[in-house]
Every structure is written in structure tokens, then in C-alpha cells.
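Q: Mind looking over this structure? Questions follow.
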Amino acid sequence: MKQMLQYLKAYKKESIIAPLFKMLEASFELLVPIVMANIIDVGIQNGDKPYIWRMCALMIALGVLGLVCSLTAQYFAAKAAMGFGTALRKALFGHINSLSYNELDQIGTPTLITRMTSDINQAQTGVNMMLRLFLRSPFIVIGAVVMAFTISAKLTIIFLIAVPLIGLAIYLIMRITVPIYKKVQSILDQIVLHTRENYVGARVVRAFSREKDETEQFDEISGNLKNTQLYAGKISALMNPITYVMVNIAILCILWFGGWQVQIGSVSQGQIVALVNYMNQILLALVALANLIVAVTRALVCAIRINEVFRVNSSMKEGAEEKNTQESGKPRVVFDHVTFTYGGAQEASLTDISFSAMPGETVGIIGGTGSGKSTLVNLIPRFYDATKGSVTVDGQDVKAYTFRHLREKIGVVPQKAVLFLGTIRSNLQWRKKDAKERELWKALQIAQVEEVVKKKQKGLDEKVETGGRNFSGGQRQRLTIARALVGEPEILILDDSASALDFATDAALRRSIKESTGNATVFLVSQRAATVKNADQILVLDDGKLVGKGTHEELLKNCNVYKEICMSQFSSQEVAQL
Amino acid sequence: MKNKKTINRVLKLIRPYTYLVVSILVLAAVTVAATLYSPILIGKGVDCMIEKGLVSFPDLKLVLLQLAVVTAISAISQWVMSLLTNKMTYKIVDDIRRRVFAHMEILPLRYMDAHQPGDAISRISTDVDQFSDGLLMGFTQLFSGVMTILGTLGFMISIDGRITLIVVLITPLSFFVANFIAKRTFTMFRLQSETRAEMTSLVEEMVGNQKVVKAFAYEKEAEEQFDDINQRLQSCSLKATFFSSITNPSTRFVNGLVYTGVGIFGAFSAIQGRITVGQLSSFLNYANQYTKPFNEISGVVTELQNALACAGRIFHFLDEEPVPENAADAKTLDQVEGRVRFEDVSFSYTSEVPLIEHMNLEVKPGQRVAIVGPTGCGKTTVINLLMRFYDINKGKITLDGVPIQNLTWESLRSSYGMVLQETWLKTGTIRDNISYGKPDATREEVIEAAKQAHAHSFIKRLPKGYDTVMGEDGGSLSQGQKQLLCIARLMLLKPPVLILDEATSSIDTMTEIRIQKAFQKLMEGRTSFVVAHRLSTIKESDVILVMKDGHILETGKHEELLEKKGFYAQLYQSQFCNV
């Protein structure tokens with residue numbers, strides 16, 4: 001919690017002023033019944049009209065003051081809360097940017113998105129409500145009791161008994177219903193899940209003629225929801241009648257015992273009216289307080305979840321090297337007995353991998369799903385740190401570089417082809433902010449997507465929607481390849497990046513990359529033997545182990561796994577043809 | 001006009017619960033009357049105690065007794081009213097929700113492919129909820145609100161007409177203020193929600209694709225973009241929050257004015273002896289309460305409109321044409337041989353763009369048909385037509401000589417088994433998923449099917465084996481494992497005709513080889529349609545359909561097509577070109 005509060009620090013003044021002015025407003029409100037009592041006891045009793053006018057003027061003055069105080073409080077509370085939310089959001093975003101792949105895997109991006117958006121909004125609303133109401137409601141309750149005490153100490157006993165009882169009743173009802181409503185929410189989630197599942201899987205459901213069973217299942221969930229809602233409703237329906245009865249009983253007591261006090265002359269008629277008014281004010285304040293507690297609890301849960309993200313720290317230390325250390329004739333990438341285990345995993349995903357790749361060389365990496373192909377290339381830009389052994393780029397351990405410098409050397413085409421909101425141009429300039437028109441077109445041409453962009457009305461300035469959804473899968477994939485090519489990276493990594501392309505386009509793409517990247521080292525990850533077969537060096541992975549290294553011809557001769565892969569994709573006659 | 005129709009349909013939904021509605025209305029009236037009567041009684045109680053020595057205890061006792069009874073009546077009727085309202089609301093809502101879902105299950109795929117699942121989901125969840133909150137709960141609130149206003153007016157007039165006039169005249173000021181603020185803040189709120197949406201989509205992009213951001217060392221730029229939106233969000237949220245929070249204090253202020261007004265005139269009237277002090281206190285009480293139902297009603301009215309819109313959307317969904325039910329004379333095939341014929345079939349998704357035209361195809365029992373072509377060429381269209389997910393526009397598709405339109409849905413679909421590339425699994429246990437097409441399969445049968453699909457070995461290693469519960473869409477299973485389960489699902493059924501969207505792209509090589517073998521066994525003697533990515537599948541097929549841009553370019557056997565030197569030959573050769 002302390003950590004959260006630090007984001008309010010810049011708004012210390014506001015965070016103090018807001019509740020203070022709220023309390024001022026509340027005190028003015030508490031004075032009104034007393035003024036009214038005076039009107040009754042002095043003004044009416046004595047028929048003193050000027051006095052009544054004066055008192056009414058006082059009430060209006062109290063009202064104006066209350067309004068001013070309240071507005072002041074609202075303004076400062078809003079200012080502090082929004083400032084808090086903004087600072088927190090910025091800090092969390094920065095923090096997420098500082099995490100490494102390892103932590104991102106652990107937390108999961110959907111979770112991070114929820115923390116960034118709805119959780120922060122909730123926390124912000126919570127702060128706002130806290131500042132405005134948390135002191136006000138208790139203050140009114142206590143204030144009303146104190147005021148009652150100034151009128152009659154004896155009658156205050158009624159207040160002292162009634163207030164805790166009403167508070168307890170409200171608390172108990174809430175305590176029972178809040179968890180039930182939570183359950184209602186989770187059944188609602190089930191309803192959403194079942195609906196989505198059936199919608200998305202309509203083909204399968206129908207193929208197996210299971211529509212009736214699915215509907216029955218849904219009816220069951222829906223019925224369950226109805227029953228839970230009815231149960232929750234039953235209890236929360238008690239809230240109003242019970243508090244109403246309790247307050248009226250309290251008023252009844254005030255009137256009865258008050259009657260005796262009036263009889264002996266220690267309390268006046270107007271004061272009895274004031275006491276009744278105070279009782280009503282207390283009820284309103286308690287109900288507001290109960291709602292506030294629920295809202296604040298919710299915000300607190302969000303705050304805790306946000307805090308959990310803050311507590312996760314990057315497991316990587318950034319290096320400082322920013323110079324270019326490449327010497328000619330030396331290998332560009334070297335893996336030296338690299339073993340890698342994912343955080344929390346039992347077994348290593350890569351075991352004792354060693355190889356080196358020269359500038360201008362194309363390295364093919366092949367193997368089945370889960371064999372460690374992507375993991376291997378992820379170690380080059382230091383998305384993960386090798387558990388054992390070392391990864392060297394341009395003669396330096398990757399850990400020695402600053403992240404930015406290392407990653408600027410490398411063009412990565414990830415498996416999932418994502419583009420970002422903006423234009424084709426803004427997407428292509430991700431690696432190099434000031435890339436010229438000519439460079440962009442060249443990259444597009446190499447990536448076999450030049451024609452697509454040329455056909456667009458606005459060319460490079462064509463809009464790209466979120467996720468690039470206004471482009472087909474194949475177009476997106478080629479655009480992400482172009483994005484990686486801009487700025488001529490020293491190392492190009494294509495992680496199964498041609499899966500959505502047909503054979504012909506795939507082949508043309510490889511040819512043009514080969515021809516135009518010159519001195520760059522290219523890593524081609526694929527499951528297709530046809531894709532890697534012309535690489536200068538092919539690494540064959542099986543279950544995290546390097547089971548073959550060499551050219552296509554060599555591997556066909558001496559690597560069984562490679563041979564099997566080829567045989568599964570081609571007939572033996574075709575393999576000979578490859 | 002449209003609203004009227006919707007209201008009529010809503011009324012139809014409520015009709016079976018007429019007795020509940022009537023009871024609720026009666027109880028609401030009783031509650032309001034009792035609640036409003038208690039300030040009067042309190043006032044009478046105050047009047048029993050003029051001053052020292054002038055307290056009439058017998059009268060006071062009588063008044064308090066009445067107060068107790070009225071309180072009890074009010075509380076009980078309010079409680080029962082809430083219970084009945086809940087009962088009616090939740091029953092109706094449950095009813096609608098089930099109907100919407102059942103309707104979804106019989107909508108044609110044409111509708112489902114054209115609409116996002118989100119649409120159906122919001123019909124079933126948010127729309128139904130808003131409908132229940134707004135229309136049903138809102139209705140009782142509206143009724144009690146109006147009752148309260150009328151009742152308060154009545155009670156006030158019965159005490160003193162002139163003071164009532166003050167209340168009636170000043171109160172509208174509070175609406176005016178609230179309305180004025182609401183109008184001003186509307187644009188601010190819109191700006192806030194727009195900026196928030198902008199923020200959310202940036203966060204979804206940058207955090208959702210954080211790995212790409214890292215790969216391009218794009219963190220700084222992302223933070224700059226973020227800061228810009230964050231700053232804008234701060235200033236517009238501040239405005240929206242502050243200006244909207246003016247409403248409460250302002251209306252409270254107006255209420256204070258009403259209260260003071262009643263105080264002055266009440267006090268003067270009391271001095272003249274036209275009303276008692278107790279009556280003045282009742283008045284003050286009413287003055288406090290009078291504006292509340294107004295504020296509530298204005299809230300309820302917007303909610304009602306919103307709920308009506310939701311109801312309209314729900315009805316609209318329910319009005320979507322479903323697929324026809326089985327005709328009375330629909331046939332059932334007992335022993336399916338697997339003879340499939342396309343006779344002069346034409347089909348298009350939209351009438352403007354013709355897709356398949358005059359297609360003829362004859363598949364003999366046991367033949368293997370491969371469908372090849374680049375991605376997005378319309379291979380799945382053929383599957384859609386075979387399974388009658390879509391109806392053809394012209395021509396005839398027959399299964400064992402019977403046009404598929406003349407078959408019952410169950411008979412047609414149980415003749416086919418399909419594995420799509422996009423795997424679909426239900427939340428539930430592994431066993432439930434494998435036995436999806438045959439819910440009464442024994443455990444042994446399920447295990448046998450899993451073994452044949454080579455899924456048994458990984459299922460065995462899961463924490464609870466076949467009883468392991470998977471989350472949404474297969475949860476933590478790998479894509480390959482999910483595909484194995486889908487294959488096991490088919491192995492259990494062994495349907496006469498197979499449709500395989502070659503679902504092996506993400507299964508590792510070793511498993512893949514085994515599955516291929518299992519598939520070979522499954523396909524033996526069965527007609528099969530395979531959307532093929534793999535040369536071996538293509539070459540061994542009896543017929544190859546080469547598709548491009550939705551058209552069937554070429555048909556024939558592998559060798560024939562190679563000789564043609566057409567698109568197929570080009571596709572095929574591209575695998576061998578040396579780069």
C-alpha cells in the first residue's frame with residue numbers, strides 16, 4: 001500500500017485539502033437541524049418574525065458555504081486522483097517495458113493489459129471516493145451524535161445504541177451479499193464462455209449434431225444464475241426494510257423518552273425535531289459508508305494486483321557496450337555450449353548447443369514443434385539469457401551490450417505477424433526512425449510485398465489498423481519481414497515467418513533475401529525441409545538437442561532425424577530430387 | 001413506431017406474470033402510502049409535547065402505536081415487493097437468455113461467419129442484464145417514484161396548500177441545475193471515454209505485443225506515445241470527473257433552498273396558528289424527500305430507454321432467420337457408402353461475386369479427393385457445402401444419390417467426420433472432448449480412440465489423465481496436442497466420409513508420421529476430402545481439385561495435372577526450385 005501512496009505524493013496538498021473541505025461541508029450540514037430547532041423554539045414560540053428571517057438567512061449562508069466547500073473538495077479530490085492514476089499508469093507502463101521475456105511469460109500479457117487499464121481506472125476511482133467520502137460519512141455520524149449530546153445527554157443513549165446496531169445490520173447484509181454477487185459474476189463469466197465457445201465452434205457442434213445438448217447445458221448454467229440471483233436478491237431485499245424499521249424504532253424512542261424530557265422541561269419541542277432529523281442524517285451517512293467500503297475494497301484488490309506487477313523485477317542486467325566490435329573474418333554469432341531452461345520449467349529446452357555463423361552466411365534451423373528452434377534464435381537478441389554457456393555477437397558476449405545497441409544490429413521477424421496502428425510507413429520505420437522512402441521501398445521489394453503496397457491508394461501512407469487486420473495473413477507476414485529489413489540489419493532472424501505464404505512466394509522471398517542482404521547473417525527457422533535445404537548451414541534440433549549440423553547433402557547422408565523430416569514431407573523419389 | 005413494437009413484445013413476455021405485476025403494483029402503493037404517512041405521525045407525536053408540563057402521554061402513546069404499525073406495514077410490504085420483483089425479473093431474464101442461446105444454435109453459419117461472436121455474447125450477457133435492470137426493476141422504481149411524488153403532494157396539500165406551492169415552485173430548479181450540468185458534462189465524458197479507448201488500444205498493442213516492442217528496442221518511442229495520451233487523459237478525466245461531481249452538491253444546495261423556504265413560510269404559518277409545529281416538522285421532512293424521486297425518475301427514464309434499446313437488439317437477434325428444421329419427409333441414410341456427387345453446382349457467398357460456378361464432381365465410395373491451392377483460395381468453401389453449413393444456389397449435391405437437402409441434419413452430419421485446422425475444444429475434461437460425437441462412449445472406447453490418434457501417451461502424463469479439465473480453447477495444451485485430441489474425437493466415430501483440413505501443420509514430425517499412418521488406416525475404404533498441404537497426400541489422391549481465388553482451376557490425377565503444365569505444375573515445382 002505504501003508503494004501505491006507514493007504516486008499521491010505529488011498531490012499532497014490536494015489530498016489534504018479535499019477531505020478537509022468535505023468535513024467543513026459536513027459540519028455546515030450538521031448545523032441546519034439546530035438552526036431549525038431555534039426557529040421553532042425561539043422564533044415560533046415568541047412570534048419573533050425578524051429572528052426567523054435572520055435564521056433563514058443563516059441557513060442559506062450555510063448552504064452557500066457548504067456548496068463552495070464541497071466544490072473545492074470535489075475539485076481537489078479529482079485532481080489528486082487523476083494525477084495519481086496518471087503517475088501510476090506511467091510508472092507501470094515503464095516498468096512493463098523494463099521486464100524481460102522471462103517475466104512477460106510468467107505474468108502473461110493479458111494480465112498486464114488488465115492491470116494497465118481497468119485496474120488502474122478502478123484504483124483511481126477508489127482514491128477519488130476515499131478522498132471525498134471516507135472522512136465525510138464517519139464525520140457526519142459522529143457529528144450527529146455529538147450534536148445530539150449537546151441537546152440532551154440522556155437522549156443520546158438512544159443514538160449510541162441505534163447507530164452501532166444499524167451499522168452492524170448494514171455490514172452483515174453486505175457481508176453476505178457481496179460474495180454472492182461475486183459468484184453471480186463468475187456464473188456470468190461462464191455464460192459468456194459457453195456462448196463464445198458455441199459461437200466459435202458452431203461448425204464442430206453442428207458436425208456432431210450436439211446442438212440440443214449444448215442448449216441443455218446452457219439452460220443449466222442460466223438456471224443456476226437465476227437461482228443465485230434470487231438468493232442474493234432475497235438477502236439484499238432485507239436491507240431497506242430492516243434499516244427503515246430500526247431508524248423508526250429509534251425515532252419512536254426519541255419521541256417517547258423525549259416526551260418525558262419535555263415534560264420535565266430539560267428539552268424543547270424544536271430540539272426533539274432536531275434529534276429526529278439527526279437520526280435520518282445518520283442513516284443516510286451509514287448507507288453511503290457501506291457502499292463506500294465495498295467500492296474501496298474493490299479498488300484495494302486492484303491496487304494489490306497492480307503492486308504484484310511492480311514487485312516482479314527484470315531478471316536481466318543490461319550491459320554498457322555501445323561500440324561496434326565487428327572484425328572482418330571473425331564469426332558474427334557464436335553459441336558456446338549453450339543450455340537454456342525456461343523459468344519454472346523442469347527440463348532444459350536447449351541442451352549444450354554449439355555453432356558459429358559467419359557474416360553473409362544463411363543458417364537454417366529445422367525440427368519439430370517444441371524442439372527448441374524459436375528458443376535458440378531468441379537467445380541471439382538476448383530475449384532470454386542462456387542458463388549455461390555463452391552467446392556471442394560480433395566477438396562480444398550479448399550480455400555486454402546495451403539492449404538497444406544489440407537489438408539495433410538484429411532484424412527479427414516474429415512468428416506472429418503483428419502490425420501496429422498507424423501507416424505502412426510508420427510500421428516500416430520501427431527499426432530506423434528516419435528511414436528514407438527509397439530504403440522502405442527496397443525492403444518492400446525484397447519482402448515480395450512491393451506490389452501490394454503500390455496497389456494501395458495512398459501507398460506507404462496507407463492506414464494500418466490495430467493489429468494490421470486490414471491486411472491478409474500473407475500480406476501481414478511479408479510486411480513484418482520488410483519491417484525487419486529496413487536499416488540493413490547485420491543479423492536477420494526469420495522465425496517460421498513464411499507459414500502463410502504459398503510455396504512459390506516463399507521461394508521467391510528466400511531468393512531475394514539471399515541476393516540482397518549481402519553481408520548479413522540470416523537465420524531461417526522452419527518446419528519445412530524445402531525452406532532450409534539451400535542454407536549454407538542447417539542445424540537440426542530434436543527435443544532441445546543439436547542432432548545434426550551441415551549442408552542438406554551432408555545431413556541427408558548422416559543425420560537420421562533430418563532424413564525422417566524430409567521423408568515425411570516428400571516421397572523418397574522427391575527427396576532424391578531435392 | 002419501432003419502440004412501440006418492442007414494448008408490445010416486452011409486454012407479451014410479461015403477460016404470464018400478470019398476477020405478479022398486479023401484486024407488485026399494489027404493494028408499491030401500500031409501501032409508498034405507509035412510508036409517507038410516518039412523517040405525519042412523527043409530526044403528531046411532536047405536537048403532543050408543547051412544552052414543560054404540557055405533554056399528553058396518552059395521546060403520544062396512541063400516536064407511537066400507530067407509528068409502529070405503519071412502520072411494520074411499510075417494511076413488510078416493501079420486502080415482499082422486492083422479492084416479487086426479483087422473482088419476476090429473474091424468471092423473465094432466464095427465459096430470454098435461454099431463448100437467445102437456443103436461437104444461436106439454429107442460426108445459419110452464414111450469419112455466424114458474418115458477425116463477430118462478441119455480438120451474440122453481448123446479446124446474451126450485457127443486453128439481457130441491462131434489460132432486466134432497466135426495464136423490469138426500472139419499471140417498479142418508476143411506479144413507486146410517481147406514487148411517492150403524488151402521495152407527497154397529497155399529504156402536503158392536506159396540511160397546507162400555500163407551503164406546498166413553495167415546494168412545487170422551487171423544486172424544478174434542481175432539475176434545471178442537474179440537466180444543465182449533465183448537458184455540459186456529456187461532451188467531456190465523451191472525450192474522456194474516447195481518450196480512454198485510445199489509451200486501451202495503445203496498451204493492448206504495446207503490452208500485448210511487448211515482445212515485438214523489445215525486439216525492435218522500441219520501448220522509448222512507445223513510452224513517448226503513451227505519455228502523450230496519458231497527459232491528455234489526465235486533463236480530460238479531471239474535467240469530466242470534476243464537472244460531473246458538481247451535480248450532487250448543487251442539487252443538495254437547491255434542496256437546502258427548498259428546506260429554508262418551507263422553514264420561513266412554515267414558521268410564519270405556525271405563528272399565525274395555521275399549522276402546528278409537528279406539521280411543520282412533517283413538512284420539512286417531505287421537503288427533504290420530495291426531490292429524491294424526481295432525481296431517481298430522471299435516472300430511470302434514461303435507463304428505460306437504454307433497456308428498450310437492448311430489448312430491441314435482443315428481439316432483432318431472435319428474428320434472424322434460423323436454418324429450416326428437418327422436413328417431414330426428410331430421409332435418413334442407414335448404411336452410407338460415401339458416394340458424393342456435385343451436379344452443376346453454383347455457389348457464392350454474396351450475390352455480386354460469383355464463386356463456384358457449374359461445378360461437377362463425382363466421387364466414388366472410398367475415393368480420396370485432395371483440394372490444393374494457395375491460402376485463402378476457398379478450399380474451406382467446399383467443406384462448407386459438403387456439410388451443408390451453407391446452401392448452394394444452383395445445382396445439386398448428393399450423398400449416396402440423395403440430395404443433401406432431403407436428408408435430416410443428423411443423418412447428413414453423422415455421415416461426415418471432420419478435422420479442421422482451427423482446432424476447437426470445449427472447456428471440460430479430455431474425456432468429454434474425445435467423446436464429443438458419442439457422449440455415451442465407454443472409457444475403454446475413449447482410450448482406444450486416443451491410442452489410435454497417438455494422443456494416449458501425452459494424456460497419460462497429464463495430472464489427472466483423461467479427467468484433466470482443460471480451460472477455454474484447450475487451455476495450456478499445445479496446438480499439436482489439441483489437434484491430436486480432435487483426431488481422437490473422429491477415431492471414436494469412424495464416420496463413412498472424412499473431411500480433413502490437413503491438420504498437421506503444428507504437430508512435431510515424429511507424431512505427424514504416426515498420425516499420417518493412422519489417418520491412412522482410417523481413410524481405408526472411406527471417401528475422404530483432404531485440404532492438402534503435403535505432397536504425399538496429393539500424389540496418392542484419386543482426384544485433385546486445384547483451386548485459386550475461389551475457382552476450381554484444374555481437376556485430375558497428379559500425373560495428368562503435371563502434364564498439363566498449368567497452375568498445379570507450377571505450385572508443385574516451386575518446392576524444388578533451387579535457391
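Identifiers in the C-alpha cells: chain A, B, ... in order shown; residue index from 1 per chain; ligand index from 1 in order shown.
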With only C-alpha atoms as the counted atoms, please give the residues lying no more than 8 Å from Gly467 (chain A), apart from itself and same-chain residues fewer than 6 positions off, as a PyMOL selection string.
A: (chain A and resi 418-421) or (chain B and resi 205)
Q: As a PyMOL selection string, please: all residues of region 302-398 of chain A that backbone DSSP puts in strand (DSSP E).
A: chain A and resi 333-340+350-357+362-366+388-393+396-397
Q: Selection from above, C-alpha atoms, as an mmCIF file, in the first residue's frame, can you write it?
A:
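Final output, part22.cif:
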```
data_model
loop_
_atom_site.group_PDB
_atom_site.id
_atom_site.type_symbol
_atom_site.label_atom_id
_atom_site.label_comp_id
_atom_site.auth_asym_id
_atom_site.auth_seq_id
_atom_site.Cartn_x
_atom_site.Cartn_y
_atom_site.Cartn_z
ATOM 1 C CA VAL A 333 27.264 -15.251 -33.979
ATOM 2 C CA VAL A 334 28.777 -17.924 -31.759
ATOM 3 C CA PHE A 335 26.943 -20.314 -29.441
ATOM 4 C CA ASP A 336 29.332 -21.902 -26.988
ATOM 5 C CA HIS A 337 27.892 -24.912 -25.120
ATOM 6 C CA VAL A 338 24.600 -23.151 -24.570
ATOM 7 C CA THR A 339 22.000 -24.735 -22.322
ATOM 8 C CA PHE A 340 18.728 -22.984 -21.630
ATOM 9 C CA LEU A 350 18.122 -26.365 -25.218
ATOM 10 C CA THR A 351 20.990 -28.586 -24.236
ATOM 11 C CA ASP A 352 24.652 -27.943 -24.979
ATOM 12 C CA ILE A 353 24.297 -26.156 -28.308
ATOM 13 C CA SER A 354 27.476 -25.008 -30.062
ATOM 14 C CA PHE A 355 27.842 -23.497 -33.529
ATOM 15 C CA SER A 356 29.097 -20.368 -35.207
ATOM 16 C CA ALA A 357 27.785 -18.342 -38.114
ATOM 17 C CA THR A 362 22.483 -18.395 -44.119
ATOM 18 C CA VAL A 363 21.694 -20.724 -41.241
ATOM 19 C CA GLY A 364 18.654 -22.964 -41.489
ATOM 20 C CA ILE A 365 17.138 -24.297 -38.291
ATOM 21 C CA ILE A 366 14.744 -27.218 -38.566
ATOM 22 C CA LYS A 388 24.797 -22.200 -19.170
ATOM 23 C CA GLY A 389 27.376 -21.350 -21.815
ATOM 24 C CA SER A 390 27.549 -18.112 -23.752
ATOM 25 C CA VAL A 391 26.116 -16.414 -26.812
ATOM 26 C CA THR A 392 28.500 -14.072 -28.611
ATOM 27 C CA VAL A 393 27.669 -11.479 -31.234
ATOM 28 C CA GLN A 396 31.319 -9.825 -27.511
ATOM 29 C CA ASP A 397 29.040 -11.674 -25.110
#
```
Q: As a count of residues only, please: all residues of region 139-368 of chain A that backbone DSSP puts in helix (DSSP H, G or I).
A: 164
Q: Grab the CA of Ala91 (chain A) to CA of Glu223 (chain B) distance for me, in Å with one decimal place.
A: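 These two atoms are separated by 10.2 Å.
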Q: When you look at Phe208 (chain A) with a cut-off of 7 Å (counting only C-alpha atoms), what residues show up, excluding the ones that are within fewer than 2 positions of it in the same chain? I need them as a PDB file with N, CA and C atoms, in the first residue's frame.
A:
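Once written, result_2.pdb looks like this:
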```pdb
ATOM      1  N   VAL A 204     -18.212 -27.330 -35.456  1.00  0.00           N
ATOM      2  CA  VAL A 204     -17.975 -28.625 -34.819  1.00  0.00           C
ATOM      3  C   VAL A 204     -19.240 -29.102 -34.103  1.00  0.00           C
ATOM      4  N   VAL A 205     -19.875 -28.180 -33.366  1.00  0.00           N
ATOM      5  CA  VAL A 205     -21.089 -28.553 -32.638  1.00  0.00           C
ATOM      6  C   VAL A 205     -22.093 -29.147 -33.607  1.00  0.00           C
ATOM      7  N   ARG A 206     -22.249 -28.511 -34.756  1.00  0.00           N
ATOM      8  CA  ARG A 206     -23.229 -28.990 -35.718  1.00  0.00           C
ATOM      9  C   ARG A 206     -22.775 -30.265 -36.413  1.00  0.00           C
ATOM     10  N   ARG A 210     -24.669 -31.772 -31.856  1.00  0.00           N
ATOM     11  CA  ARG A 210     -24.796 -31.672 -30.401  1.00  0.00           C
ATOM     12  C   ARG A 210     -25.556 -30.421 -29.959  1.00  0.00           C
TER      13      ARG A 210
ATOM     14  N   ARG B 413     -24.992 -35.059 -41.167  1.00  0.00           N
ATOM     15  CA  ARG B 413     -23.757 -34.696 -40.476  1.00  0.00           C
ATOM     16  C   ARG B 413     -23.078 -35.878 -39.815  1.00  0.00           C
ATOM     17  N   SER B 414     -23.875 -36.880 -39.452  1.00  0.00           N
ATOM     18  CA  SER B 414     -23.213 -38.035 -38.837  1.00  0.00           C
ATOM     19  C   SER B 414     -22.513 -38.868 -39.902  1.00  0.00           C
ATOM     20  N   GLY B 437     -18.570 -36.594 -29.990  1.00  0.00           N
ATOM     21  CA  GLY B 437     -19.503 -37.047 -31.009  1.00  0.00           C
ATOM     22  C   GLY B 437     -20.277 -38.276 -30.571  1.00  0.00           C
TER      23      GLY B 437
END
```
Q: Can you tell me, as a ChimeraX atom specification, what residues are no more than 10 Å from Ile552 (chain B) when counting only C-alpha atoms, ignoring any on the same chain fewer than 4 positions away?
A: /B:355-357,359,371-373,377-379,545-548
Q: Quick one, how far is CA of Ala73 (chain A) from CA of Phe253 (chain B)?
A: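 These atoms are spaced 15.2 Å apart.
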Q: Name all residues at most 9 Å from Ile565 (chain A) (count only C-alpha atoms; drop same-chain ones fewer than 2 positions away) and give them as a list in words.
A: Ile366, Gly367, Gly368, Gln527, Arg528, Ala529, Asn560, Val561, Tyr562, Lys563, Met567, Ser568, Gln569 and Phe570 of chain A; Thr509 and Met510 of chain B
